[in-house]
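S.K.: Next comes the structure file start_23.txt, holding compact mmCIF, N, CA and C atoms.
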# COMPACT_ATOMS: atom_id res chain seq x y z
N MET X 1 7.27 1.69 -9.97
CA MET X 1 5.85 1.79 -9.77
C MET X 1 5.36 0.57 -8.99
N PHE X 2 4.37 0.76 -8.18
CA PHE X 2 3.85 -0.30 -7.33
C PHE X 2 2.85 -1.18 -8.09
N LEU X 3 2.82 -2.43 -7.73
CA LEU X 3 1.86 -3.37 -8.30
C LEU X 3 0.51 -3.09 -7.68
N GLN X 4 -0.50 -2.90 -8.50
CA GLN X 4 -1.84 -2.63 -8.00
C GLN X 4 -2.69 -3.88 -8.18
N LEU X 5 -3.08 -4.49 -7.09
CA LEU X 5 -3.93 -5.67 -7.09
C LEU X 5 -5.19 -5.37 -6.31
N THR X 6 -6.25 -6.08 -6.62
CA THR X 6 -7.47 -5.95 -5.85
C THR X 6 -7.68 -7.24 -5.07
N LEU X 7 -8.49 -7.17 -4.05
CA LEU X 7 -8.80 -8.38 -3.29
C LEU X 7 -9.49 -9.41 -4.18
N GLU X 8 -10.27 -8.95 -5.15
CA GLU X 8 -10.93 -9.87 -6.07
C GLU X 8 -9.90 -10.65 -6.88
N THR X 9 -8.85 -9.97 -7.32
CA THR X 9 -7.78 -10.64 -8.06
C THR X 9 -7.10 -11.68 -7.19
N ILE X 10 -6.83 -11.33 -5.94
CA ILE X 10 -6.20 -12.28 -5.03
C ILE X 10 -7.12 -13.47 -4.80
N ALA X 11 -8.42 -13.21 -4.66
CA ALA X 11 -9.37 -14.31 -4.45
C ALA X 11 -9.39 -15.24 -5.66
N GLN X 12 -9.28 -14.67 -6.86
CA GLN X 12 -9.25 -15.49 -8.06
C GLN X 12 -7.99 -16.36 -8.09
N ILE X 13 -6.89 -15.80 -7.64
CA ILE X 13 -5.64 -16.56 -7.56
C ILE X 13 -5.79 -17.70 -6.56
N CYS X 14 -6.55 -17.44 -5.49
CA CYS X 14 -6.74 -18.45 -4.45
C CYS X 14 -7.51 -19.67 -4.95
N ASN X 15 -8.31 -19.50 -5.97
CA ASN X 15 -9.07 -20.63 -6.53
C ASN X 15 -8.23 -21.26 -7.63
N TYR X 16 -7.87 -22.51 -7.47
CA TYR X 16 -7.08 -23.17 -8.49
C TYR X 16 -7.45 -24.64 -8.55
N ILE X 17 -7.00 -25.28 -9.57
CA ILE X 17 -7.37 -26.68 -9.79
C ILE X 17 -6.19 -27.58 -9.45
N VAL X 18 -6.46 -28.60 -8.62
CA VAL X 18 -5.46 -29.59 -8.25
C VAL X 18 -6.02 -30.96 -8.56
N MET X 19 -5.30 -31.73 -9.37
CA MET X 19 -5.70 -33.10 -9.74
C MET X 19 -7.16 -33.16 -10.20
N GLY X 20 -7.56 -32.21 -11.02
CA GLY X 20 -8.90 -32.24 -11.60
C GLY X 20 -9.99 -31.77 -10.66
N LYS X 21 -9.67 -31.42 -9.42
CA LYS X 21 -10.68 -30.96 -8.47
C LYS X 21 -10.40 -29.50 -8.13
N GLU X 22 -11.44 -28.70 -8.17
CA GLU X 22 -11.27 -27.30 -7.81
C GLU X 22 -11.20 -27.18 -6.30
N GLN X 23 -10.22 -26.46 -5.83
CA GLN X 23 -10.07 -26.22 -4.39
C GLN X 23 -9.99 -24.72 -4.16
N THR X 24 -10.49 -24.31 -3.02
CA THR X 24 -10.38 -22.91 -2.63
C THR X 24 -9.46 -22.83 -1.43
N ILE X 25 -8.48 -21.98 -1.53
CA ILE X 25 -7.55 -21.79 -0.43
C ILE X 25 -8.02 -20.59 0.37
N CYS X 26 -8.04 -20.72 1.63
CA CYS X 26 -8.41 -19.62 2.51
C CYS X 26 -7.25 -18.63 2.57
N CYS X 27 -7.56 -17.37 2.51
CA CYS X 27 -6.52 -16.33 2.51
C CYS X 27 -6.68 -15.40 3.71
N PRO X 28 -6.59 -15.90 4.94
CA PRO X 28 -6.87 -15.03 6.08
C PRO X 28 -5.89 -13.86 6.18
N ASP X 29 -4.63 -14.09 5.87
CA ASP X 29 -3.65 -13.02 5.97
C ASP X 29 -3.85 -11.96 4.88
N LEU X 30 -4.26 -12.38 3.70
CA LEU X 30 -4.44 -11.45 2.60
C LEU X 30 -5.66 -10.57 2.81
N LYS X 31 -6.70 -11.08 3.45
CA LYS X 31 -7.88 -10.27 3.69
C LYS X 31 -7.56 -9.08 4.58
N ASP X 32 -6.57 -9.22 5.44
CA ASP X 32 -6.17 -8.12 6.32
C ASP X 32 -5.46 -7.01 5.56
N LEU X 33 -5.12 -7.25 4.30
CA LEU X 33 -4.39 -6.27 3.51
C LEU X 33 -5.31 -5.35 2.72
N SER X 34 -6.60 -5.43 2.95
CA SER X 34 -7.55 -4.59 2.23
C SER X 34 -7.21 -3.09 2.31
N PRO X 35 -6.86 -2.55 3.47
CA PRO X 35 -6.50 -1.13 3.53
C PRO X 35 -5.27 -0.79 2.67
N LEU X 36 -4.35 -1.74 2.57
CA LEU X 36 -3.16 -1.53 1.74
C LEU X 36 -3.56 -1.38 0.27
N PHE X 37 -4.43 -2.30 -0.21
CA PHE X 37 -4.88 -2.23 -1.59
C PHE X 37 -5.66 -0.95 -1.86
N LYS X 38 -6.50 -0.57 -0.93
CA LYS X 38 -7.28 0.66 -1.08
C LYS X 38 -6.34 1.87 -1.17
N ALA X 39 -5.35 1.90 -0.29
CA ALA X 39 -4.42 3.03 -0.26
C ALA X 39 -3.61 3.12 -1.54
N MET X 40 -3.22 1.98 -2.09
CA MET X 40 -2.37 1.98 -3.28
C MET X 40 -3.18 2.10 -4.57
N GLY X 41 -4.49 2.12 -4.46
CA GLY X 41 -5.35 2.15 -5.64
C GLY X 41 -5.67 3.54 -6.17
N ASP X 42 -5.10 4.56 -5.60
CA ASP X 42 -5.40 5.92 -6.03
C ASP X 42 -4.16 6.56 -6.67
N PRO X 43 -4.29 7.15 -7.85
CA PRO X 43 -3.13 7.75 -8.53
C PRO X 43 -2.44 8.86 -7.73
N ASN X 44 -3.22 9.67 -7.01
CA ASN X 44 -2.60 10.73 -6.21
C ASN X 44 -1.78 10.15 -5.06
N ARG X 45 -2.28 9.09 -4.43
CA ARG X 45 -1.52 8.47 -3.35
C ARG X 45 -0.25 7.82 -3.90
N MET X 46 -0.34 7.26 -5.09
CA MET X 46 0.85 6.68 -5.71
C MET X 46 1.88 7.77 -6.02
N ALA X 47 1.41 8.94 -6.45
CA ALA X 47 2.31 10.07 -6.71
C ALA X 47 2.98 10.52 -5.41
N ILE X 48 2.22 10.52 -4.32
CA ILE X 48 2.79 10.88 -3.02
C ILE X 48 3.86 9.87 -2.63
N LEU X 49 3.59 8.58 -2.84
CA LEU X 49 4.59 7.56 -2.52
C LEU X 49 5.84 7.71 -3.37
N GLU X 50 5.66 8.00 -4.65
CA GLU X 50 6.82 8.21 -5.52
C GLU X 50 7.64 9.40 -5.05
N ARG X 51 6.95 10.45 -4.63
CA ARG X 51 7.64 11.64 -4.11
C ARG X 51 8.42 11.29 -2.84
N LEU X 52 7.80 10.54 -1.95
CA LEU X 52 8.47 10.14 -0.72
C LEU X 52 9.67 9.23 -1.01
N CYS X 53 9.55 8.40 -2.03
CA CYS X 53 10.68 7.53 -2.40
C CYS X 53 11.88 8.34 -2.88
N SER X 54 11.62 9.48 -3.49
CA SER X 54 12.72 10.30 -4.00
C SER X 54 13.33 11.21 -2.93
N CYS X 55 12.69 11.30 -1.78
CA CYS X 55 13.19 12.14 -0.68
C CYS X 55 14.06 11.30 0.25
N SER X 56 15.16 11.87 0.68
CA SER X 56 16.04 11.14 1.58
C SER X 56 15.70 11.39 3.05
N ASP X 57 14.88 12.39 3.29
CA ASP X 57 14.56 12.75 4.67
C ASP X 57 13.05 12.78 4.85
N HIS X 58 12.61 13.00 6.08
CA HIS X 58 11.19 13.14 6.37
C HIS X 58 10.65 14.34 5.57
N THR X 59 9.42 14.23 5.12
CA THR X 59 8.82 15.27 4.29
C THR X 59 7.48 15.68 4.88
N ASN X 60 7.20 16.99 4.87
CA ASN X 60 5.95 17.47 5.43
C ASN X 60 4.87 17.60 4.35
N VAL X 61 3.67 17.91 4.77
CA VAL X 61 2.52 17.98 3.87
C VAL X 61 2.74 19.03 2.78
N LYS X 62 3.30 20.15 3.15
CA LYS X 62 3.51 21.23 2.18
C LYS X 62 4.43 20.76 1.05
N ASP X 63 5.53 20.12 1.40
CA ASP X 63 6.45 19.62 0.38
C ASP X 63 5.80 18.54 -0.49
N LEU X 64 5.00 17.70 0.11
CA LEU X 64 4.35 16.62 -0.63
C LEU X 64 3.23 17.13 -1.53
N SER X 65 2.66 18.28 -1.20
CA SER X 65 1.55 18.80 -2.00
C SER X 65 1.99 19.22 -3.40
N THR X 66 3.29 19.35 -3.62
CA THR X 66 3.78 19.73 -4.95
C THR X 66 3.73 18.58 -5.95
N CYS X 67 3.52 17.36 -5.47
CA CYS X 67 3.52 16.20 -6.38
C CYS X 67 2.18 15.97 -7.04
N CYS X 68 1.14 16.57 -6.51
CA CYS X 68 -0.21 16.33 -7.03
C CYS X 68 -0.88 17.66 -7.35
N ASP X 69 -1.76 17.61 -8.31
CA ASP X 69 -2.50 18.81 -8.69
C ASP X 69 -3.82 18.87 -7.91
N VAL X 70 -3.69 18.77 -6.57
CA VAL X 70 -4.86 18.84 -5.70
C VAL X 70 -4.53 19.76 -4.53
N ASP X 71 -5.56 20.20 -3.83
CA ASP X 71 -5.41 21.09 -2.70
C ASP X 71 -4.64 20.40 -1.57
N ILE X 72 -3.94 21.18 -0.78
CA ILE X 72 -3.13 20.64 0.32
C ILE X 72 -3.99 19.85 1.32
N SER X 73 -5.26 20.24 1.49
CA SER X 73 -6.13 19.50 2.41
C SER X 73 -6.42 18.10 1.88
N VAL X 74 -6.50 17.96 0.56
CA VAL X 74 -6.72 16.65 -0.06
C VAL X 74 -5.46 15.79 0.10
N VAL X 75 -4.30 16.40 -0.05
CA VAL X 75 -3.03 15.69 0.17
C VAL X 75 -2.97 15.19 1.61
N SER X 76 -3.41 16.02 2.53
CA SER X 76 -3.43 15.63 3.94
C SER X 76 -4.32 14.42 4.17
N ARG X 77 -5.47 14.38 3.52
CA ARG X 77 -6.37 13.22 3.65
C ARG X 77 -5.74 11.97 3.05
N HIS X 78 -5.07 12.14 1.91
CA HIS X 78 -4.37 11.00 1.29
C HIS X 78 -3.28 10.47 2.23
N LEU X 79 -2.56 11.38 2.86
CA LEU X 79 -1.52 10.97 3.80
C LEU X 79 -2.11 10.20 4.97
N SER X 80 -3.28 10.63 5.43
CA SER X 80 -3.95 9.94 6.53
C SER X 80 -4.30 8.51 6.13
N ILE X 81 -4.80 8.32 4.93
CA ILE X 81 -5.15 6.98 4.44
C ILE X 81 -3.89 6.12 4.33
N LEU X 82 -2.82 6.69 3.80
CA LEU X 82 -1.56 5.95 3.68
C LEU X 82 -1.00 5.57 5.05
N LYS X 83 -1.16 6.46 6.00
CA LYS X 83 -0.68 6.18 7.36
C LYS X 83 -1.52 5.08 8.02
N LYS X 84 -2.85 5.17 7.89
CA LYS X 84 -3.73 4.17 8.49
C LYS X 84 -3.50 2.78 7.90
N SER X 85 -3.12 2.74 6.63
CA SER X 85 -2.88 1.45 5.98
C SER X 85 -1.52 0.85 6.36
N GLY X 86 -0.70 1.63 7.05
CA GLY X 86 0.62 1.14 7.46
C GLY X 86 1.73 1.43 6.47
N ILE X 87 1.41 2.11 5.38
CA ILE X 87 2.42 2.42 4.36
C ILE X 87 3.35 3.53 4.83
N LEU X 88 2.82 4.48 5.57
CA LEU X 88 3.62 5.62 6.02
C LEU X 88 3.76 5.65 7.54
N LYS X 89 4.84 6.28 7.97
CA LYS X 89 5.04 6.62 9.38
C LYS X 89 5.01 8.14 9.48
N ALA X 90 4.49 8.64 10.57
CA ALA X 90 4.42 10.08 10.79
C ALA X 90 5.13 10.43 12.09
N GLU X 91 5.83 11.55 12.04
CA GLU X 91 6.54 12.03 13.22
C GLU X 91 6.22 13.52 13.39
N LYS X 92 5.68 13.85 14.54
CA LYS X 92 5.33 15.24 14.80
C LYS X 92 6.53 15.97 15.38
N ARG X 93 6.84 17.12 14.77
CA ARG X 93 7.90 18.00 15.25
C ARG X 93 7.31 19.39 15.40
N GLY X 94 7.06 19.75 16.64
CA GLY X 94 6.38 21.02 16.87
C GLY X 94 4.97 20.97 16.32
N LYS X 95 4.66 21.90 15.41
CA LYS X 95 3.33 21.94 14.82
C LYS X 95 3.25 21.16 13.51
N GLU X 96 4.40 20.72 13.01
CA GLU X 96 4.42 20.04 11.72
C GLU X 96 4.52 18.52 11.89
N VAL X 97 3.97 17.83 10.90
CA VAL X 97 4.06 16.37 10.85
C VAL X 97 4.90 16.01 9.63
N PHE X 98 5.89 15.15 9.84
CA PHE X 98 6.77 14.71 8.76
C PHE X 98 6.53 13.24 8.50
N TYR X 99 6.53 12.88 7.23
CA TYR X 99 6.18 11.53 6.80
C TYR X 99 7.37 10.83 6.15
N THR X 100 7.43 9.53 6.38
CA THR X 100 8.39 8.65 5.70
C THR X 100 7.66 7.35 5.36
N ILE X 101 8.20 6.64 4.41
CA ILE X 101 7.62 5.35 4.05
C ILE X 101 7.99 4.34 5.13
N ASN X 102 7.01 3.61 5.59
CA ASN X 102 7.22 2.55 6.57
C ASN X 102 7.67 1.30 5.80
N SER X 103 8.92 1.35 5.36
CA SER X 103 9.41 0.35 4.42
C SER X 103 9.36 -1.07 4.98
N LYS X 104 9.64 -1.24 6.24
CA LYS X 104 9.61 -2.60 6.81
C LYS X 104 8.23 -3.22 6.70
N GLU X 105 7.19 -2.47 7.07
CA GLU X 105 5.82 -2.99 7.01
C GLU X 105 5.34 -3.16 5.58
N LEU X 106 5.69 -2.21 4.72
CA LEU X 106 5.28 -2.30 3.32
C LEU X 106 5.92 -3.51 2.64
N VAL X 107 7.20 -3.68 2.86
CA VAL X 107 7.91 -4.83 2.28
C VAL X 107 7.34 -6.13 2.83
N LYS X 108 7.06 -6.16 4.13
CA LYS X 108 6.48 -7.37 4.75
C LYS X 108 5.14 -7.73 4.10
N SER X 109 4.28 -6.73 3.91
CA SER X 109 2.97 -6.97 3.31
C SER X 109 3.09 -7.43 1.87
N LEU X 110 3.91 -6.75 1.09
CA LEU X 110 4.07 -7.12 -0.31
C LEU X 110 4.74 -8.48 -0.45
N ARG X 111 5.68 -8.77 0.44
CA ARG X 111 6.35 -10.07 0.40
C ARG X 111 5.38 -11.20 0.74
N SER X 112 4.46 -10.95 1.69
CA SER X 112 3.49 -11.99 2.04
C SER X 112 2.57 -12.29 0.86
N ILE X 113 2.22 -11.26 0.10
CA ILE X 113 1.40 -11.47 -1.10
C ILE X 113 2.19 -12.28 -2.12
N ALA X 114 3.43 -11.87 -2.37
CA ALA X 114 4.26 -12.57 -3.35
C ALA X 114 4.50 -14.02 -2.95
N ASP X 115 4.77 -14.25 -1.67
CA ASP X 115 5.00 -15.62 -1.19
C ASP X 115 3.74 -16.46 -1.36
N TYR X 116 2.60 -15.88 -1.05
CA TYR X 116 1.36 -16.62 -1.16
C TYR X 116 1.10 -17.02 -2.61
N VAL X 117 1.22 -16.04 -3.52
CA VAL X 117 0.96 -16.31 -4.93
C VAL X 117 1.96 -17.35 -5.46
N GLU X 118 3.20 -17.21 -5.08
CA GLU X 118 4.22 -18.17 -5.52
C GLU X 118 3.91 -19.58 -5.04
N ASN X 119 3.49 -19.72 -3.79
CA ASN X 119 3.22 -21.05 -3.23
C ASN X 119 1.91 -21.67 -3.73
N CYS X 120 0.90 -20.85 -3.96
CA CYS X 120 -0.39 -21.44 -4.36
C CYS X 120 -0.45 -21.73 -5.84
N CYS X 121 0.39 -21.15 -6.62
CA CYS X 121 0.30 -21.28 -8.07
C CYS X 121 1.37 -22.20 -8.66
N LYS X 122 1.98 -23.02 -7.86
CA LYS X 122 3.01 -23.94 -8.38
C LYS X 122 2.38 -25.05 -9.17
Please express the file's structure as structure tokens.
M.R.:
Amino acid sequence: MFLQLTLETIAQICNYIVMGKEQTICCPDLKDLSPLFKAMGDPNRMAILERLCSCSDHTNVKDLSTCCDVDISVVSRHLSILKKSGILKAEKRGKEVFYTINSKELVKSLRSIADYVENCCK
């Protein structure tokens, strides 16, 4: 399961005390991750991601619609949000669009969050 964080939580982590003085660390890279947090904040989108993780090949909207108890058009909108956030890649084959997890970008984003938290909270 994916870690669900909000920008507010990250901002709270950014505020910490050093030598008795409160300092605020600027988080310019983390602010750019707002679409990622929004995309990962919905249970149906998380179910879609879990379904994609269990698939070894590209998966179309129809196959993905079986993971959620929502209409296929709603699944399509969720896929659009996941794609815009950089979590998914889409490949059009004829009239169908097939989706895969954009693992390189997702790992990069999550790693930047983990690195930031690790470095600021020492």
S.K.: Skip segment 97-110 of chain X itself and residues of its chain fewer than 3 positions away, then list as a PDB file with N, CA and C atoms, in the frame of the given file all residues within 7 Å of it, counting all atoms listed in the file.
M.R.:
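Saved to result-v7.pdb:
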ATOM      1  N   LEU X  52       7.800  10.540  -1.950  1.00  0.00           N
ATOM      2  CA  LEU X  52       8.470  10.140  -0.720  1.00  0.00           C
ATOM      3  C   LEU X  52       9.670   9.230  -1.010  1.00  0.00           C
ATOM      4  N   CYS X  53       9.550   8.400  -2.030  1.00  0.00           N
ATOM      5  CA  CYS X  53      10.680   7.530  -2.400  1.00  0.00           C
ATOM      6  C   CYS X  53      11.880   8.340  -2.880  1.00  0.00           C
ATOM      7  N   ASP X  57      14.880  12.390   3.290  1.00  0.00           N
ATOM      8  CA  ASP X  57      14.560  12.750   4.670  1.00  0.00           C
ATOM      9  C   ASP X  57      13.050  12.780   4.850  1.00  0.00           C
ATOM     10  N   HIS X  58      12.610  13.000   6.080  1.00  0.00           N
ATOM     11  CA  HIS X  58      11.190  13.140   6.370  1.00  0.00           C
ATOM     12  C   HIS X  58      10.650  14.340   5.570  1.00  0.00           C
ATOM     13  N   THR X  59       9.420  14.230   5.120  1.00  0.00           N
ATOM     14  CA  THR X  59       8.820  15.270   4.290  1.00  0.00           C
ATOM     15  C   THR X  59       7.480  15.680   4.880  1.00  0.00           C
ATOM     16  N   ASN X  60       7.200  16.990   4.870  1.00  0.00           N
ATOM     17  CA  ASN X  60       5.950  17.470   5.430  1.00  0.00           C
ATOM     18  C   ASN X  60       4.870  17.600   4.350  1.00  0.00           C
ATOM     19  N   VAL X  61       3.670  17.910   4.770  1.00  0.00           N
ATOM     20  CA  VAL X  61       2.520  17.980   3.870  1.00  0.00           C
ATOM     21  C   VAL X  61       2.740  19.030   2.780  1.00  0.00           C
ATOM     22  N   GLY X  86      -0.700   1.630   7.050  1.00  0.00           N
ATOM     23  CA  GLY X  86       0.620   1.140   7.460  1.00  0.00           C
ATOM     24  C   GLY X  86       1.730   1.430   6.470  1.00  0.00           C
ATOM     25  N   ILE X  87       1.410   2.110   5.380  1.00  0.00           N
ATOM     26  CA  ILE X  87       2.420   2.420   4.360  1.00  0.00           C
ATOM     27  C   ILE X  87       3.350   3.530   4.830  1.00  0.00           C
ATOM     28  N   LEU X  88       2.820   4.480   5.570  1.00  0.00           N
ATOM     29  CA  LEU X  88       3.620   5.620   6.020  1.00  0.00           C
ATOM     30  C   LEU X  88       3.760   5.650   7.540  1.00  0.00           C
ATOM     31  N   LYS X  89       4.840   6.280   7.970  1.00  0.00           N
ATOM     32  CA  LYS X  89       5.040   6.620   9.380  1.00  0.00           C
ATOM     33  C   LYS X  89       5.010   8.140   9.480  1.00  0.00           C
ATOM     34  N   ALA X  90       4.490   8.640  10.570  1.00  0.00           N
ATOM     35  CA  ALA X  90       4.420  10.080  10.790  1.00  0.00           C
ATOM     36  C   ALA X  90       5.130  10.430  12.090  1.00  0.00           C
ATOM     37  N   GLU X  91       5.830  11.550  12.040  1.00  0.00           N
ATOM     38  CA  GLU X  91       6.540  12.030  13.220  1.00  0.00           C
ATOM     39  C   GLU X  91       6.220  13.520  13.390  1.00  0.00           C
ATOM     40  N   LYS X  92       5.680  13.850  14.540  1.00  0.00           N
ATOM     41  CA  LYS X  92       5.330  15.240  14.800  1.00  0.00           C
ATOM     42  C   LYS X  92       6.530  15.970  15.380  1.00  0.00           C
ATOM     43  N   ARG X  93       6.840  17.120  14.770  1.00  0.00           N
ATOM     44  CA  ARG X  93       7.900  18.000  15.250  1.00  0.00           C
ATOM     45  C   ARG X  93       7.310  19.390  15.400  1.00  0.00           C
ATOM     46  N   GLY X  94       7.060  19.750  16.640  1.00  0.00           N
ATOM     47  CA  GLY X  94       6.380  21.020  16.870  1.00  0.00           C
ATOM     48  C   GLY X  94       4.970  20.970  16.320  1.00  0.00           C
ATOM     49  N   ILE X 113       2.220 -11.260   0.100  1.00  0.00           N
ATOM     50  CA  ILE X 113       1.400 -11.470  -1.100  1.00  0.00           C
ATOM     51  C   ILE X 113       2.190 -12.280  -2.120  1.00  0.00           C
ATOM     52  N   ALA X 114       3.430 -11.870  -2.370  1.00  0.00           N
ATOM     53  CA  ALA X 114       4.260 -12.570  -3.350  1.00  0.00           C
ATOM     54  C   ALA X 114       4.500 -14.020  -2.950  1.00  0.00           C
ATOM     55  N   ASP X 115       4.770 -14.250  -1.670  1.00  0.00           N
ATOM     56  CA  ASP X 115       5.000 -15.620  -1.190  1.00  0.00           C
ATOM     57  C   ASP X 115       3.740 -16.460  -1.360  1.00  0.00           C
TER      58      ASP X 115
END
S.K.: With a distance cut-off of 7 Å and only N, CA and C atoms, select the neighbouring residues of segment 44-51 of chain X, excluding the residue or stretch itself and same-chain residues fewer than 4 positions from it, and output the selection as a list in words.
M.R.: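 What passes the distance filter is Ala39, Met40, Cys55, Leu64, Cys67, Cys68, His78 and Leu79 of chain X.
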S.K.: Report, in Å with one decimal, the straight-line distance from atom C of Tyr116 of chain X to atom N of Ile81 of chain X.
M.R.: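 Pair atom C of Tyr116 of chain X / atom N of Ile81 of chain X returns 27.1 Å.
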S.K.: Would you please extract all helix (DSSP H, G or I) residues from segment 56-118 of chain X, as assigned by DSSP on the backbone, and give them as a PyMOL selection string?
M.R.: chain X and resi 61-67+72-84+103-118
S.K.: What does the structure give for the distance between atom C of Lys84 of chain X and atom C of Pro35 of chain X, in Å to one decimal?
M.R.: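 Atom C of Lys84 of chain X sits 6.6 Å away from atom C of Pro35 of chain X.
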S.K.: Expressed in Å to a single decimal, how great is the separation between atom C of Phe37 of chain X and atom CA of Val117 of chain X?
M.R.: 17.0 Å
S.K.: With 8 Å on each side, where is the centre of the axis-aligned box around all listed atoms of segment 35-48 of chain X, and how long are its edges in Å to one decimal, as JSON?
M.R.:
{"center_x": -1.7, "center_y": 4.2, "center_z": -2.5, "size_x": 27.1, "size_y": 29.4, "size_z": 28.1}
